[in-house]
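Data first, discussion second: the structure below is written as structure tokens.
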Amino acid sequence: MKNIGFIGMGNMGSAILTGLLKHGFAPETLLFTDVSQEKRESVTAKTGVESVSTNAECAMAVSYLVLAVKPQYYETVLEEIRPALIHDPVLISIAPGKSVAYLKEMLGQERRIVRAMPNTPALLGEGMTGVCFDPEAFSEEENNLIAQFFSSFGKMEIVEESLMDAVVCASGSSPAYVYMMIEALADSVVKCGLPRKQAYEMVAQTVLGSARMVLETGMHPGELKDMVCSPGGTTIAAVEALEQWGFRNSLMKATDACFQRCKSV
């Protein structure tokens, strides 16, 4: 029996699988399936991880099963794997909007479920995952592996399940906004004459360094912002323009839309 299996090799499943391989999980301990035979062959050729052709076959063969499919496919997948869970694997769900109660209703109240919301920087070992589960339902060995699993591709935070939709907003969906900001800022300085390759490198490194300042200094983001804004200087003029054009409000509205979408999935 394999240790960890994946149903689905989309962007998130692939990112987590790659993160695990980069951080000590051997290919022979992993297994996956995907609806696309071409994807299965491609991932196996790239990673050395074995694949199987059906969801039920994957579910029967592993101790920990990661459900890495989009929410709209959950009902079909859960119906397919339900008869295959006779060995009581630990189930790890990473879909937004799918509660533990829903999963237990579909698979049985006795199922042991970890609900999580990772993000795509897991590909580089820099993921941020919100995780909720009842540690009392798992053995010490299982609790240790759950922690090792999520820590292998970044950082994890334990949260109450009632906050999981907020986690989607904070870290699950928000990398897209950061990429949009990097692209827009790079475009703006290309307009000022900076070569595009240098623009992307300088902007992306600035985002990386700024994020580390928040995480490693423990200072409030507003305080760090003030440190860059000299009286009457260039930065405060730019900040004024951002406020005028609704920079912060646009992010808050994006969060509102994301949060409401979580409720409707």
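Ligands are numbered from 1 in the order shown, chains are lettered A, B, ... in the order of the structure tokens, and residues start at 1 in each chain.
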Task: Non-local contacts of A:Ser93 (8 Å; only C-alpha atoms; under 6 positions in same chain excluded) as a VMD selection string - done: chain A and resid 66 to 68 113 to 116
- [ ] Mind listing the helix (DSSP H, G or I) residues of stretch 168-235 of chain A, per DSSP on the backbone, as a VMD selection string?
- [x] chain A and resid 168 to 172 175 to 191 196 to 217 221 to 228 234 to 235
Excluding A:Gly8 and any residue of its chain fewer than 2 positions from it, enumerate the residues within 12 Å of it, using only C-alpha atoms, and give them as a compact mmCIF listing (two decimals) with C-alpha atoms, in the first residue's frame.
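Now in part-v1.txt:
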# COMPACT_ATOMS: atom_id res chain seq x y z
CA GLY A 5 -2.47 9.31 -2.94
CA PHE A 6 -3.92 12.16 -5.00
CA GLY A 10 -4.52 20.02 -11.70
CA ASN A 11 -2.56 23.09 -10.67
CA MET A 12 -2.98 22.53 -6.94
CA GLY A 13 -2.46 18.78 -6.91
CA SER A 14 0.64 19.13 -9.07
CA ALA A 15 2.02 21.90 -6.87
CA ILE A 16 1.61 19.85 -3.70
CA LEU A 17 3.04 16.70 -5.30
CA LEU A 31 0.35 7.56 -5.99
CA PHE A 32 -2.08 9.59 -8.10
CA THR A 33 -4.83 9.46 -10.63
CA ASP A 34 -6.25 11.96 -13.09
CA VAL A 35 -9.07 11.82 -15.60
CA SER A 36 -6.58 12.58 -18.39
CA GLN A 37 -4.39 9.68 -19.49
CA LYS A 39 -1.67 14.02 -17.81
CA ARG A 40 -1.03 10.76 -15.97
CA VAL A 43 3.35 13.52 -14.51
CA SER A 51 -0.44 6.50 -11.45
CA VAL A 52 -3.62 4.45 -11.63
CA SER A 53 -6.55 4.93 -13.98
CA THR A 54 -9.51 5.21 -11.60
CA ASN A 55 -10.41 7.14 -8.47
CA CYS A 58 -6.31 5.14 -5.96
CA ALA A 59 -8.53 5.31 -2.88
CA LEU A 65 -6.02 10.33 0.24
CA VAL A 66 -5.85 13.91 -1.05
CA LEU A 67 -8.99 15.06 -2.86
CA ALA A 68 -7.51 17.56 -5.31
CA VAL A 69 -10.42 18.07 -7.69
CA LYS A 70 -12.55 21.14 -8.29
CA PRO A 71 -15.63 21.56 -6.07
CA TYR A 73 -16.68 17.40 -9.34
CA TYR A 74 -16.76 16.47 -5.65
CA VAL A 77 -15.76 11.64 -7.07
CA SER A 93 -9.86 17.76 1.23
CA ILE A 94 -8.53 20.94 -0.40
CA ALA A 95 -11.69 22.22 -2.10
Near-A:Cys132 list (12 Å; only C-alpha atoms; drop same-chain fewer than 2 positions) as a PDB file with N, CA, C and O atoms, in the first residue's frame:
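Saved to selection-v1.pdb:
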ATOM      1  N   ILE A  92      -7.920  13.992   3.002  1.00  0.00           N
ATOM      2  CA  ILE A  92      -7.486  15.383   3.008  1.00  0.00           C
ATOM      3  C   ILE A  92      -8.193  16.106   1.874  1.00  0.00           C
ATOM      4  O   ILE A  92      -7.961  15.819   0.693  1.00  0.00           O
ATOM      5  N   SER A  93      -9.082  17.024   2.229  1.00  0.00           N
ATOM      6  CA  SER A  93      -9.859  17.758   1.233  1.00  0.00           C
ATOM      7  C   SER A  93      -9.306  19.168   1.076  1.00  0.00           C
ATOM      8  O   SER A  93      -9.085  19.867   2.069  1.00  0.00           O
ATOM      9  N   ILE A  94      -9.079  19.601  -0.171  1.00  0.00           N
ATOM     10  CA  ILE A  94      -8.527  20.941  -0.396  1.00  0.00           C
ATOM     11  C   ILE A  94      -9.461  21.806  -1.236  1.00  0.00           C
ATOM     12  O   ILE A  94      -9.033  22.808  -1.812  1.00  0.00           O
ATOM     13  N   SER A  99     -17.564  21.481   3.237  1.00  0.00           N
ATOM     14  CA  SER A  99     -17.378  21.353   4.682  1.00  0.00           C
ATOM     15  C   SER A  99     -17.115  19.909   5.089  1.00  0.00           C
ATOM     16  O   SER A  99     -17.408  18.962   4.349  1.00  0.00           O
ATOM     17  N   VAL A 100     -16.592  19.759   6.293  1.00  0.00           N
ATOM     18  CA  VAL A 100     -16.399  18.428   6.859  1.00  0.00           C
ATOM     19  C   VAL A 100     -17.744  17.719   6.987  1.00  0.00           C
ATOM     20  O   VAL A 100     -17.858  16.517   6.712  1.00  0.00           O
ATOM     21  N   ARG A 112     -12.525  10.058   8.871  1.00  0.00           N
ATOM     22  CA  ARG A 112     -11.577  10.989   9.498  1.00  0.00           C
ATOM     23  C   ARG A 112     -11.064  11.937   8.423  1.00  0.00           C
ATOM     24  O   ARG A 112     -10.402  11.509   7.481  1.00  0.00           O
ATOM     25  N   ILE A 113     -11.394  13.212   8.591  1.00  0.00           N
ATOM     26  CA  ILE A 113     -11.205  14.178   7.507  1.00  0.00           C
ATOM     27  C   ILE A 113     -10.361  15.364   7.973  1.00  0.00           C
ATOM     28  O   ILE A 113     -10.571  15.908   9.057  1.00  0.00           O
ATOM     29  N   VAL A 114      -9.432  15.738   7.121  1.00  0.00           N
ATOM     30  CA  VAL A 114      -8.656  16.960   7.290  1.00  0.00           C
ATOM     31  C   VAL A 114      -9.089  17.906   6.174  1.00  0.00           C
ATOM     32  O   VAL A 114      -9.001  17.555   4.995  1.00  0.00           O
ATOM     33  N   ARG A 115      -9.574  19.064   6.550  1.00  0.00           N
ATOM     34  CA  ARG A 115      -9.948  20.055   5.542  1.00  0.00           C
ATOM     35  C   ARG A 115      -8.866  21.123   5.479  1.00  0.00           C
ATOM     36  O   ARG A 115      -8.423  21.645   6.511  1.00  0.00           O
ATOM     37  N   ALA A 116      -8.439  21.455   4.277  1.00  0.00           N
ATOM     38  CA  ALA A 116      -7.314  22.385   4.132  1.00  0.00           C
ATOM     39  C   ALA A 116      -7.504  23.286   2.927  1.00  0.00           C
ATOM     40  O   ALA A 116      -8.237  22.959   1.992  1.00  0.00           O
ATOM     41  N   MET A 117      -6.835  24.441   2.962  1.00  0.00           N
ATOM     42  CA  MET A 117      -6.820  25.349   1.819  1.00  0.00           C
ATOM     43  C   MET A 117      -5.380  25.781   1.567  1.00  0.00           C
ATOM     44  O   MET A 117      -4.863  26.687   2.208  1.00  0.00           O
ATOM     45  N   PRO A 118      -4.676  25.082   0.660  1.00  0.00           N
ATOM     46  CA  PRO A 118      -3.308  25.468   0.307  1.00  0.00           C
ATOM     47  C   PRO A 118      -3.308  26.499  -0.814  1.00  0.00           C
ATOM     48  O   PRO A 118      -4.373  26.940  -1.269  1.00  0.00           O
ATOM     49  N   THR A 129      -0.952  27.285   3.982  1.00  0.00           N
ATOM     50  CA  THR A 129      -2.130  26.421   4.058  1.00  0.00           C
ATOM     51  C   THR A 129      -2.860  26.607   5.376  1.00  0.00           C
ATOM     52  O   THR A 129      -2.247  26.501   6.444  1.00  0.00           O
ATOM     53  N   GLY A 130      -4.150  26.882   5.292  1.00  0.00           N
ATOM     54  CA  GLY A 130      -5.007  26.853   6.467  1.00  0.00           C
ATOM     55  C   GLY A 130      -5.563  25.447   6.621  1.00  0.00           C
ATOM     56  O   GLY A 130      -6.034  24.860   5.646  1.00  0.00           O
ATOM     57  N   ASP A 134      -9.714  17.538  13.697  1.00  0.00           N
ATOM     58  CA  ASP A 134      -9.783  17.175  15.101  1.00  0.00           C
ATOM     59  C   ASP A 134      -8.624  16.242  15.432  1.00  0.00           C
ATOM     60  O   ASP A 134      -8.663  15.054  15.073  1.00  0.00           O
ATOM     61  N   PRO A 135      -7.573  16.723  16.088  1.00  0.00           N
ATOM     62  CA  PRO A 135      -6.410  15.864  16.348  1.00  0.00           C
ATOM     63  C   PRO A 135      -6.733  14.642  17.186  1.00  0.00           C
ATOM     64  O   PRO A 135      -6.029  13.630  17.129  1.00  0.00           O
ATOM     65  N   ILE A 146       0.442  14.321   9.225  1.00  0.00           N
ATOM     66  CA  ILE A 146      -0.359  15.444   8.731  1.00  0.00           C
ATOM     67  C   ILE A 146       0.450  16.737   8.804  1.00  0.00           C
ATOM     68  O   ILE A 146       0.488  17.528   7.856  1.00  0.00           O
ATOM     69  N   ALA A 147       1.124  16.953   9.944  1.00  0.00           N
ATOM     70  CA  ALA A 147       1.953  18.151  10.097  1.00  0.00           C
ATOM     71  C   ALA A 147       3.114  18.141   9.107  1.00  0.00           C
ATOM     72  O   ALA A 147       3.436  19.171   8.491  1.00  0.00           O
ATOM     73  N   PHE A 150       1.809  18.984   5.382  1.00  0.00           N
ATOM     74  CA  PHE A 150       1.555  20.385   5.056  1.00  0.00           C
ATOM     75  C   PHE A 150       2.802  21.254   5.190  1.00  0.00           C
ATOM     76  O   PHE A 150       2.967  22.223   4.453  1.00  0.00           O
ATOM     77  N   MET A 156       1.913  26.193   7.584  1.00  0.00           N
ATOM     78  CA  MET A 156       0.526  25.849   7.844  1.00  0.00           C
ATOM     79  C   MET A 156       0.049  26.577   9.091  1.00  0.00           C
ATOM     80  O   MET A 156       0.818  26.854  10.000  1.00  0.00           O
ATOM     81  N   GLU A 157      -1.234  26.897   9.119  1.00  0.00           N
ATOM     82  CA  GLU A 157      -1.877  27.496  10.278  1.00  0.00           C
ATOM     83  C   GLU A 157      -3.136  26.695  10.571  1.00  0.00           C
ATOM     84  O   GLU A 157      -3.944  26.441   9.675  1.00  0.00           O
ATOM     85  N   ILE A 158      -3.297  26.283  11.828  1.00  0.00           N
ATOM     86  CA  ILE A 158      -4.506  25.586  12.239  1.00  0.00           C
ATOM     87  C   ILE A 158      -5.593  26.621  12.498  1.00  0.00           C
ATOM     88  O   ILE A 158      -5.375  27.595  13.236  1.00  0.00           O
ATOM     89  N   VAL A 159      -6.750  26.444  11.886  1.00  0.00           N
ATOM     90  CA  VAL A 159      -7.855  27.388  12.043  1.00  0.00           C
ATOM     91  C   VAL A 159      -9.150  26.624  12.314  1.00  0.00           C
ATOM     92  O   VAL A 159      -9.256  25.433  12.031  1.00  0.00           O
ATOM     93  N   GLU A 160     -10.119  27.323  12.862  1.00  0.00           N
ATOM     94  CA  GLU A 160     -11.453  26.755  13.012  1.00  0.00           C
ATOM     95  C   GLU A 160     -12.099  26.615  11.630  1.00  0.00           C
ATOM     96  O   GLU A 160     -11.863  27.435  10.733  1.00  0.00           O
ATOM     97  N   GLU A 161     -12.921  25.594  11.476  1.00  0.00           N
ATOM     98  CA  GLU A 161     -13.526  25.383  10.169  1.00  0.00           C
ATOM     99  C   GLU A 161     -14.389  26.571   9.736  1.00  0.00           C
ATOM    100  O   GLU A 161     -14.476  26.878   8.550  1.00  0.00           O
ATOM    101  N   SER A 162     -14.985  27.257  10.694  1.00  0.00           N
ATOM    102  CA  SER A 162     -15.823  28.413  10.357  1.00  0.00           C
ATOM    103  C   SER A 162     -15.031  29.518   9.665  1.00  0.00           C
ATOM    104  O   SER A 162     -15.618  30.419   9.060  1.00  0.00           O
ATOM    105  N   LEU A 163     -13.694  29.459   9.737  1.00  0.00           N
ATOM    106  CA  LEU A 163     -12.847  30.488   9.132  1.00  0.00           C
ATOM    107  C   LEU A 163     -12.236  30.050   7.798  1.00  0.00           C
ATOM    108  O   LEU A 163     -11.459  30.801   7.209  1.00  0.00           O
ATOM    109  N   MET A 164     -12.590  28.866   7.327  1.00  0.00           N
ATOM    110  CA  MET A 164     -11.941  28.367   6.116  1.00  0.00           C
ATOM    111  C   MET A 164     -12.241  29.203   4.879  1.00  0.00           C
ATOM    112  O   MET A 164     -11.392  29.356   3.997  1.00  0.00           O
ATOM    113  N   ASP A 165     -13.439  29.782   4.789  1.00  0.00           N
ATOM    114  CA  ASP A 165     -13.726  30.652   3.644  1.00  0.00           C
ATOM    115  C   ASP A 165     -12.851  31.905   3.688  1.00  0.00           C
ATOM    116  O   ASP A 165     -12.421  32.410   2.642  1.00  0.00           O
ATOM    117  N   VAL A 167      -9.864  31.919   4.897  1.00  0.00           N
ATOM    118  CA  VAL A 167      -8.539  31.438   4.489  1.00  0.00           C
ATOM    119  C   VAL A 167      -8.427  31.437   2.970  1.00  0.00           C
ATOM    120  O   VAL A 167      -7.386  31.806   2.410  1.00  0.00           O
TER     121      VAL A 167
END
- [ ] Could you give me, as a PyMOL selection string, the residues within 6 Å of A:Gly127, counting only C-alpha atoms and dropping anything in the same chain fewer than 6 positions from it?
- [x] chain A and resi 119+121+153-154
- [ ] Between atom CA of A:Glu223 and atom CA of A:Ser174, measure the distance and give it in Å to one decimal.
- [x] 22.4 Å
Open item on the list: For the structure I just gave you, how does DSSP split stretch 28-221 of chain A - specifically, which residues are strand (DSSP E or B)? Reply as a count of residues only.
Closed with: 33
Kindly provide the residues of stretch 157-216 of chain A that approach stretch 248-264 of chain A to within 9 Å, each paired with its closest atom pair and their distance in Å to one decimal, based on only C-alpha atoms, listed by chain and increasing number, as a Markdown table.
| residue | atom | partner | partner_atom | distance |
| --- | --- | --- | --- | --- |
| A:Asp165 | CA | A:Cys262 | CA | 6.0 |
| A:Ala166 | CA | A:Phe259 | CA | 6.6 |
| A:Val168 | CA | A:Phe259 | CA | 7.6 |
| A:Cys169 | CA | A:Thr255 | CA | 5.6 |
| A:Ala170 | CA | A:Thr255 | CA | 8.0 |
| A:Ser173 | CA | A:Cys258 | CA | 7.7 |
| A:Ser174 | CA | A:Thr255 | CA | 8.6 |
| A:Tyr177 | CA | A:Leu251 | CA | 8.3 |
Those residues you just picked out, can you put them in a file as a PDB file, in the first residue's frame with C-alpha atoms?
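Done, and the output landed in result-v6.pdb:
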ATOM      1  CA  ASP A 165     -13.726  30.652   3.644  1.00  0.00           C
ATOM      2  CA  ALA A 166     -11.679  33.546   5.033  1.00  0.00           C
ATOM      3  CA  VAL A 168      -9.490  31.075   0.821  1.00  0.00           C
ATOM      4  CA  CYS A 169      -9.577  34.888   0.633  1.00  0.00           C
ATOM      5  CA  ALA A 170      -6.365  35.425   2.599  1.00  0.00           C
ATOM      6  CA  SER A 173      -7.050  32.958  -4.102  1.00  0.00           C
ATOM      7  CA  SER A 174      -4.862  35.966  -3.339  1.00  0.00           C
ATOM      8  CA  TYR A 177      -3.988  39.376  -7.095  1.00  0.00           C
TER       9      TYR A 177
END
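Here the question is which of A:Leu123, A:Ala199, A:Ala211, A:Ile86 gets nearest to A:Ala56 using only C-alpha atoms, and that residue is A:Ile86.
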